[in-house]
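Trainee: Input file: start18.tsv. Contents: TSV, C-alpha atoms.
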```tsv
chain	number	residue	atom	x	y	z
A	1	TYR	CA	-13.12	-17.41	25.91
A	2	GLN	CA	-11.17	-16.30	22.92
A	3	ARG	CA	-9.82	-12.78	22.62
A	4	ARG	CA	-8.93	-11.60	19.17
A	5	VAL	CA	-6.09	-9.12	18.95
A	6	HIS	CA	-5.26	-7.40	15.72
A	7	GLY	CA	-1.58	-7.76	14.95
A	8	VAL	CA	-0.96	-4.03	14.76
A	9	GLU	CA	-2.05	-3.66	18.38
A	10	LEU	CA	0.68	-6.10	19.37
A	11	VAL	CA	3.25	-4.06	17.47
A	12	ARG	CA	2.13	-0.93	19.31
A	13	ASP	CA	2.38	-2.67	22.69
A	14	PHE	CA	5.64	-4.59	22.21
A	15	ASP	CA	8.79	-3.31	20.54
A	16	ASN	CA	10.03	-6.85	19.77
A	17	VAL	CA	7.05	-7.94	17.62
A	18	VAL	CA	7.08	-7.96	13.82
A	19	ILE	CA	4.00	-8.78	11.76
A	20	LEU	CA	4.85	-10.24	8.35
A	21	ARG	CA	2.23	-10.38	5.63
A	22	SER	CA	2.32	-11.82	2.16
A	23	PHE	CA	0.34	-10.69	-0.85
A	24	SER	CA	0.31	-14.27	-2.18
A	25	LYS	CA	-3.05	-15.81	-1.36
A	26	GLY	CA	-5.17	-13.15	0.30
A	27	TYR	CA	-4.44	-10.56	-2.34
A	28	SER	CA	-4.12	-13.03	-5.24
A	29	LEU	CA	-0.59	-11.88	-6.05
A	30	ALA	CA	1.40	-15.09	-5.50
A	31	GLY	CA	3.47	-14.61	-8.64
A	32	MET	CA	4.64	-11.18	-7.53
A	33	ARG	CA	6.55	-12.59	-4.53
A	34	CYS	CA	5.98	-9.57	-2.33
A	35	GLY	CA	4.90	-8.82	1.19
A	36	TYR	CA	5.44	-6.36	3.99
A	37	GLY	CA	6.35	-6.12	7.63
A	38	ILE	CA	5.00	-3.99	10.46
A	39	GLY	CA	7.12	-3.37	13.52
A	40	SER	CA	8.81	-0.74	15.63
A	41	LYS	CA	10.99	1.67	13.70
A	42	ASP	CA	14.15	0.47	15.48
A	43	LEU	CA	13.39	-3.20	14.82
A	44	ILE	CA	12.55	-2.65	11.14
A	45	ASN	CA	15.70	-0.53	10.62
A	46	ALA	CA	17.88	-3.23	12.19
A	47	MET	CA	16.25	-5.93	10.06
A	48	GLN	CA	16.69	-3.92	6.87
A	49	GLN	CA	20.38	-3.45	7.53
A	50	LYS	CA	20.89	-7.19	8.04
A	51	THR	CA	18.50	-8.70	5.50
A	52	LYS	CA	17.97	-6.27	2.62
A	53	ASP	CA	18.86	-7.85	-0.67
A	54	SER	CA	20.77	-5.89	-3.25
A	55	TYR	CA	17.79	-6.22	-5.61
A	56	ASN	CA	14.71	-4.22	-4.78
A	57	MET	CA	11.21	-5.31	-5.68
A	58	ASN	CA	10.47	-4.48	-9.31
A	59	ILE	CA	8.15	-1.63	-10.25
A	60	LEU	CA	5.32	-3.90	-11.44
A	61	ALA	CA	5.25	-5.78	-8.14
A	62	GLN	CA	5.31	-2.45	-6.27
A	63	ALA	CA	2.39	-1.14	-8.33
A	64	ALA	CA	0.38	-4.34	-7.85
A	65	ALA	CA	1.01	-4.38	-4.09
A	66	THR	CA	0.06	-0.71	-3.77
A	67	ALA	CA	-3.13	-1.27	-5.76
A	68	ALA	CA	-3.98	-4.27	-3.57
A	69	LEU	CA	-3.59	-2.22	-0.40
A	70	VAL	CA	-5.63	0.67	-1.81
A	71	ASN	CA	-8.40	-1.69	-2.92
A	72	CYS	CA	-8.76	-3.80	0.22
A	73	ASP	CA	-12.44	-4.46	-0.57
A	74	ALA	CA	-11.45	-6.94	-3.27
A	75	ALA	CA	-9.13	-8.74	-0.86
A	76	ALA	CA	-11.84	-8.76	1.82
A	77	GLN	CA	-14.16	-10.52	-0.64
A	78	THR	CA	-11.48	-13.12	-1.30
A	79	TRP	CA	-10.95	-13.62	2.44
A	80	GLU	CA	-14.68	-14.14	2.98
A	81	LYS	CA	-14.85	-16.70	0.15
A	82	VAL	CA	-11.94	-18.61	1.69
A	83	ARG	CA	-13.56	-18.56	5.15
A	84	SER	CA	-16.86	-19.78	3.75
A	85	GLU	CA	-15.28	-22.53	1.66
A	86	ARG	CA	-12.97	-23.57	4.49
A	87	LYS	CA	-15.97	-24.04	6.76
A	88	ARG	CA	-17.90	-25.99	4.11
A	89	VAL	CA	-14.98	-28.27	3.26
A	90	ALA	CA	-14.12	-28.88	6.93
A	91	GLU	CA	-17.72	-29.77	7.76
A	92	SER	CA	-17.95	-32.11	4.76
A	93	LEU	CA	-14.70	-33.87	5.69
A	94	SER	CA	-15.88	-34.21	9.29
A	95	LEU	CA	-19.05	-35.89	8.04
A	96	LEU	CA	-16.77	-38.45	6.34
A	97	GLY	CA	-15.30	-39.22	9.75
A	98	LEU	CA	-12.07	-37.26	9.31
A	99	TYR	CA	-10.68	-34.94	11.95
A	100	VAL	CA	-10.06	-31.40	10.71
A	101	ALA	CA	-7.86	-29.25	12.93
A	102	PRO	CA	-9.18	-25.73	13.58
A	103	SER	CA	-7.78	-23.28	11.04
A	104	GLN	CA	-7.78	-19.56	10.34
A	105	SER	CA	-5.70	-19.82	7.16
A	106	ASN	CA	-6.24	-20.77	3.55
A	107	PHE	CA	-5.63	-24.46	4.28
A	108	ILE	CA	-6.77	-27.16	6.65
A	109	LEU	CA	-4.86	-30.01	8.26
A	110	VAL	CA	-6.84	-33.24	8.07
A	111	THR	CA	-6.08	-36.42	10.01
A	112	VAL	CA	-6.67	-39.48	7.83
A	113	PRO	CA	-6.69	-42.72	9.82
A	114	GLU	CA	-5.56	-46.00	8.27
A	115	SER	CA	-9.19	-47.15	8.42
A	116	PHE	CA	-10.09	-44.48	5.84
A	117	ARG	CA	-8.95	-45.85	2.47
A	118	GLY	CA	-5.58	-46.97	3.77
A	119	GLY	CA	-4.56	-43.70	5.41
A	120	ALA	CA	-3.11	-40.35	4.43
A	121	GLU	CA	-0.43	-41.52	2.01
A	122	SER	CA	-2.87	-43.77	0.17
A	123	VAL	CA	-5.46	-41.00	-0.11
A	124	TYR	CA	-2.75	-38.58	-1.24
A	125	ASN	CA	-1.78	-40.95	-4.07
A	126	GLU	CA	-5.42	-41.51	-5.06
A	127	LEU	CA	-6.05	-37.78	-5.25
A	128	LYS	CA	-2.81	-37.14	-7.13
A	129	ALA	CA	-3.84	-39.73	-9.74
A	130	GLN	CA	-6.99	-37.65	-10.28
A	131	ALA	CA	-4.99	-34.39	-10.60
A	132	ILE	CA	-6.21	-33.21	-7.20
A	133	PHE	CA	-3.17	-31.91	-5.39
A	134	VAL	CA	-2.84	-31.85	-1.62
A	135	ARG	CA	0.26	-32.02	0.57
A	136	TYR	CA	1.43	-35.17	2.31
A	137	PHE	CA	4.37	-35.13	4.71
A	138	LYS	CA	6.09	-38.43	5.41
A	139	HIS	CA	7.33	-37.33	8.81
A	140	PRO	CA	6.53	-38.51	12.32
A	141	ARG	CA	3.45	-36.75	13.77
A	142	LEU	CA	2.40	-35.65	10.26
A	143	ASP	CA	2.34	-38.94	8.34
A	144	ASP	CA	-1.36	-39.45	9.08
A	145	LYS	CA	-2.32	-35.99	7.85
A	146	LEU	CA	-3.02	-34.11	4.64
A	147	ARG	CA	-2.65	-30.37	4.17
A	148	ILE	CA	-5.48	-29.25	1.93
A	149	THR	CA	-5.45	-25.77	0.44
A	150	ILE	CA	-8.87	-24.19	0.12
A	151	GLY	CA	-9.58	-23.65	-3.55
A	152	THR	CA	-12.52	-22.51	-5.61
A	153	PRO	CA	-15.92	-24.09	-4.94
A	154	GLU	CA	-15.42	-26.22	-8.06
A	155	GLU	CA	-11.99	-27.44	-6.96
A	156	ASN	CA	-13.29	-28.17	-3.49
A	157	ASN	CA	-16.29	-30.05	-4.92
A	158	ALA	CA	-13.92	-32.24	-6.95
A	159	LEU	CA	-11.89	-32.99	-3.83
A	160	LEU	CA	-14.98	-33.89	-1.81
A	161	ALA	CA	-16.41	-36.03	-4.60
A	162	ALA	CA	-13.13	-37.94	-4.86
A	163	LEU	CA	-13.20	-38.65	-1.13
A	164	ARG	CA	-16.81	-39.86	-0.97
```
As C-alpha coordinates, what does this structure read like?
Mentor:
Amino acid sequence: YQRRVHGVELVRDFDNVVILRSFSKGYSLAGMRCGYGIGSKDLINAMQQKTKDSYNMNILAQAAATAALVNCDAAAQTWEKVRSERKRVAESLSLLGLYVAPSQSNFILVTVPESFRGGAESVYNELKAQAIFVRYFKHPRLDDKLRITIGTPEENNALLAALR
(Lines of atoms letter the chains of each structure in order from A and count residues from 1; the text may use other names and numbers.)
(Lines give C-alpha, C1' and ligand atoms only; values in the text may rest on other atoms or scores of the structure.)
Protein backbone atom coordinates (compact mmCIF):
# COMPACT_ATOMS: atom_id res chain seq x y z
CA TYR A 1 0.00 0.00 0.00
CA GLN A 2 1.42 3.30 -1.06
CA ARG A 3 -0.32 6.56 -0.26
CA ARG A 4 0.63 9.54 -2.33
CA VAL A 5 0.46 12.89 -0.60
CA HIS A 6 0.90 16.09 -2.51
CA GLY A 7 3.49 18.27 -0.84
CA VAL A 8 1.17 21.21 -0.39
CA GLU A 9 -1.12 19.08 1.78
CA LEU A 10 1.81 18.47 4.11
CA VAL A 11 2.46 22.20 4.34
CA ARG A 12 -1.18 22.78 5.25
CA ASP A 13 -1.07 20.09 7.95
CA PHE A 14 2.34 20.84 9.50
CA ASP A 15 3.78 24.27 10.23
CA ASN A 16 7.37 22.95 10.20
CA VAL A 17 7.36 21.62 6.61
CA VAL A 18 8.86 23.49 3.66
CA ILE A 19 8.57 22.23 0.08
CA LEU A 20 11.44 23.40 -2.13
CA ARG A 21 11.15 23.19 -5.89
CA SER A 22 13.61 23.97 -8.63
CA PHE A 23 12.85 25.10 -12.15
CA SER A 24 15.99 23.33 -13.40
CA LYS A 25 14.95 20.03 -14.94
CA GLY A 26 11.17 19.83 -14.81
CA TYR A 27 10.69 23.27 -16.27
CA SER A 28 13.81 23.20 -18.47
CA LEU A 29 15.23 26.34 -16.84
CA ALA A 30 18.48 25.02 -15.36
CA GLY A 31 20.49 28.02 -16.50
CA MET A 32 18.17 30.43 -14.72
CA ARG A 33 19.10 29.08 -11.26
CA CYS A 34 15.71 29.71 -9.73
CA GLY A 35 13.19 27.89 -7.60
CA TYR A 36 10.59 28.47 -4.95
CA GLY A 37 9.50 27.36 -1.53
CA ILE A 38 6.09 26.65 -0.04
CA GLY A 39 5.62 26.74 3.71
CA SER A 40 3.79 28.41 6.55
CA LYS A 41 3.97 32.19 6.54
CA ASP A 42 5.91 32.26 9.82
CA LEU A 43 8.45 29.70 8.63
CA ILE A 44 9.01 31.41 5.27
CA ASN A 45 9.39 34.83 6.93
CA ALA A 46 11.97 33.46 9.36
CA MET A 47 13.89 31.78 6.54
CA GLN A 48 13.89 34.94 4.44
CA GLN A 49 15.32 36.99 7.27
CA LYS A 50 18.16 34.50 7.78
CA THR A 51 18.95 33.41 4.23
CA LYS A 52 17.97 36.16 1.78
CA ASP A 53 20.90 37.20 -0.32
CA SER A 54 21.51 40.84 -1.04
CA TYR A 55 21.03 40.12 -4.75
CA ASN A 56 17.53 39.35 -5.91
CA MET A 57 16.75 37.12 -8.85
CA ASN A 58 17.14 39.04 -12.10
CA ILE A 59 14.12 40.14 -14.12
CA LEU A 60 14.69 37.62 -16.93
CA ALA A 61 14.76 34.70 -14.51
CA GLN A 62 11.61 36.05 -12.82
CA ALA A 63 9.83 36.33 -16.17
CA ALA A 64 10.90 32.83 -17.23
CA ALA A 65 9.81 31.31 -13.91
CA THR A 66 6.46 33.09 -14.04
CA ALA A 67 5.88 31.92 -17.61
CA ALA A 68 6.78 28.36 -16.60
CA LEU A 69 4.25 28.40 -13.76
CA VAL A 70 1.54 29.90 -15.97
CA ASN A 71 2.18 27.32 -18.70
CA CYS A 72 2.32 24.17 -16.59
CA ASP A 73 1.08 22.07 -19.53
CA ALA A 74 4.51 22.27 -21.16
CA ALA A 75 6.18 21.17 -17.93
CA ALA A 76 3.66 18.34 -17.54
CA GLN A 77 4.63 17.07 -21.00
CA THR A 78 8.29 17.13 -19.98
CA TRP A 79 7.50 15.26 -16.77
CA GLU A 80 5.61 12.57 -18.69
CA LYS A 81 8.50 12.15 -21.15
CA VAL A 82 10.92 11.73 -18.24
CA ARG A 83 8.65 9.17 -16.55
CA SER A 84 8.27 7.20 -19.76
CA GLU A 85 11.99 7.25 -20.57
CA ARG A 86 12.93 6.44 -16.98
CA LYS A 87 10.74 3.35 -17.09
CA ARG A 88 12.15 2.27 -20.47
CA VAL A 89 15.77 2.77 -19.44
CA ALA A 90 15.27 1.04 -16.08
CA GLU A 91 13.62 -1.96 -17.72
CA SER A 92 16.38 -2.19 -20.34
CA LEU A 93 19.11 -2.03 -17.69
CA SER A 94 17.32 -4.68 -15.64
CA LEU A 95 17.30 -6.95 -18.67
CA LEU A 96 21.10 -6.58 -18.73
CA GLY A 97 21.16 -7.95 -15.19
CA LEU A 98 21.66 -4.63 -13.41
CA TYR A 99 19.70 -3.59 -10.35
CA VAL A 100 17.91 -0.26 -10.74
CA ALA A 101 16.67 1.33 -7.52
CA PRO A 102 13.09 2.64 -7.64
CA SER A 103 13.05 6.31 -8.62
CA GLN A 104 10.57 9.15 -8.95
CA SER A 105 13.14 11.69 -10.15
CA ASN A 106 14.95 12.52 -13.36
CA PHE A 107 17.72 10.02 -12.62
CA ILE A 108 18.16 6.41 -11.63
CA LEU A 109 20.70 4.77 -9.34
CA VAL A 110 22.07 1.59 -10.90
CA THR A 111 24.08 -1.08 -9.09
CA VAL A 112 26.86 -2.39 -11.34
CA PRO A 113 28.47 -5.57 -9.97
CA GLU A 114 32.11 -6.39 -10.66
CA SER A 115 30.90 -9.25 -12.87
CA PHE A 116 29.43 -6.68 -15.29
CA ARG A 117 32.38 -5.32 -17.29
CA GLY A 118 34.56 -4.84 -14.24
CA GLY A 119 32.08 -2.88 -12.14
CA ALA A 120 30.78 0.66 -11.82
CA GLU A 121 34.07 2.55 -12.11
CA SER A 122 35.09 0.58 -15.18
CA VAL A 123 31.72 1.15 -16.87
CA TYR A 124 31.87 4.83 -15.93
CA ASN A 125 35.26 5.16 -17.66
CA GLU A 126 34.05 3.25 -20.73
CA LEU A 127 31.02 5.50 -21.06
CA LYS A 128 33.06 8.65 -20.48
CA ALA A 129 35.42 7.62 -23.30
CA GLN A 130 32.35 7.54 -25.57
CA ALA A 131 31.17 10.99 -24.39
CA ILE A 132 28.31 9.44 -22.44
CA PHE A 133 28.33 11.12 -19.06
CA VAL A 134 27.01 9.49 -15.91
CA ARG A 135 28.00 10.02 -12.28
CA TYR A 136 30.29 7.70 -10.36
CA PHE A 137 30.96 8.18 -6.66
CA LYS A 138 34.07 6.57 -5.22
CA HIS A 139 32.62 6.34 -1.73
CA PRO A 140 31.69 3.37 0.44
CA ARG A 141 28.14 2.14 -0.24
CA LEU A 142 28.10 4.02 -3.58
CA ASP A 143 31.24 2.71 -5.30
CA ASP A 144 29.29 -0.05 -7.05
CA LYS A 145 26.68 2.36 -8.41
CA LEU A 146 26.15 4.81 -11.25
CA ARG A 147 23.77 7.75 -11.18
CA ILE A 148 22.25 8.03 -14.63
CA THR A 149 20.28 11.12 -15.58
CA ILE A 150 17.34 10.44 -17.87
CA GLY A 151 17.98 12.21 -21.14
CA THR A 152 16.31 12.35 -24.52
CA PRO A 153 15.35 9.08 -26.20
CA GLU A 154 18.40 9.45 -28.45
CA GLU A 155 20.77 10.00 -25.52
CA ASN A 156 19.24 7.08 -23.66
CA ASN A 157 19.53 4.86 -26.74
CA ALA A 158 23.24 5.69 -26.99
CA LEU A 159 23.71 4.78 -23.33
CA LEU A 160 21.88 1.47 -23.72
CA ALA A 161 23.75 0.62 -26.91
CA ALA A 162 27.08 1.28 -25.17
CA LEU A 163 26.11 -1.07 -22.35
CA ARG A 164 24.95 -3.96 -24.54
Trainee: Pick out the closest residue to Ile38 (chain A) from this set: A:Glu80, A:Asp15, A:Asp144, A:Asp53. Count all atoms listed in the file.
Mentor: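 Closest to Ile38 (chain A) of all the choices is A:Asp15.
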Trainee: For each of A:Lys41, A:Lys25, A:Arg33, A:Arg86, take the minimum atom-to-atom distance to Asn58 (chain A), counting all atoms listed in the file, then give the residue where this is smallest.
Mentor: A:Arg33
Trainee: What are the closest atom pairs, with distances in Å to one decimal, for each residue of region 77-126 of chain A lying within 10 Å of region 153-158 of chain A, using only C-alpha atoms, rows by chain and rising residue number, as a Markdown table?
Mentor:
```
| residue | atom | partner | partner_atom | distance |
| --- | --- | --- | --- | --- |
| A:Lys81 | CA | A:Pro153 | CA | 9.0 |
| A:Val82 | CA | A:Pro153 | CA | 9.5 |
| A:Ser84 | CA | A:Pro153 | CA | 9.7 |
| A:Glu85 | CA | A:Pro153 | CA | 6.8 |
| A:Arg86 | CA | A:Asn156 | CA | 9.2 |
| A:Arg88 | CA | A:Asn156 | CA | 9.2 |
| A:Val89 | CA | A:Asn156 | CA | 7.0 |
```
Trainee: Using only C-alpha atoms, which of A:Ser92, A:Phe137, A:Asn16, A:Cys34 sits nearest Ala46 (chain A)?
Mentor: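 The answer is A:Asn16, which sits nearest to Ala46 (chain A).
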Trainee: When you draw a straight line from CA of Gly151 (chain A) to CA of Pro113 (chain A), how long is it in Å?
Mentor: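 Those two atoms sit 23.5 Å apart.
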Trainee: My list of candidates is A:Ile44, A:Val134, A:Ile150, A:Leu127. Which is closest to Lys87 (chain A) when distances are computed with only C-alpha atoms?
Mentor: A:Ile150
Trainee: Considering all atoms listed in the file, can you say which of A:Tyr124, A:Tyr99, A:Phe14, A:Trp79 comes closest to Asp143 (chain A)?
Mentor: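 Among the listed residues, the smallest separation from Asp143 (chain A) belongs to A:Tyr124.
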Trainee: Could you tell me how far CA of Ala101 (chain A) sits from CA of Arg147 (chain A), in Å to one decimal place?
Mentor: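 So the answer is 10.3 Å.
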Trainee: Kindly give the distance, in Å, that separates CA of Gly35 (chain A) and CA of Asp73 (chain A), rounded to a single decimal.
Mentor: 18.0 Å
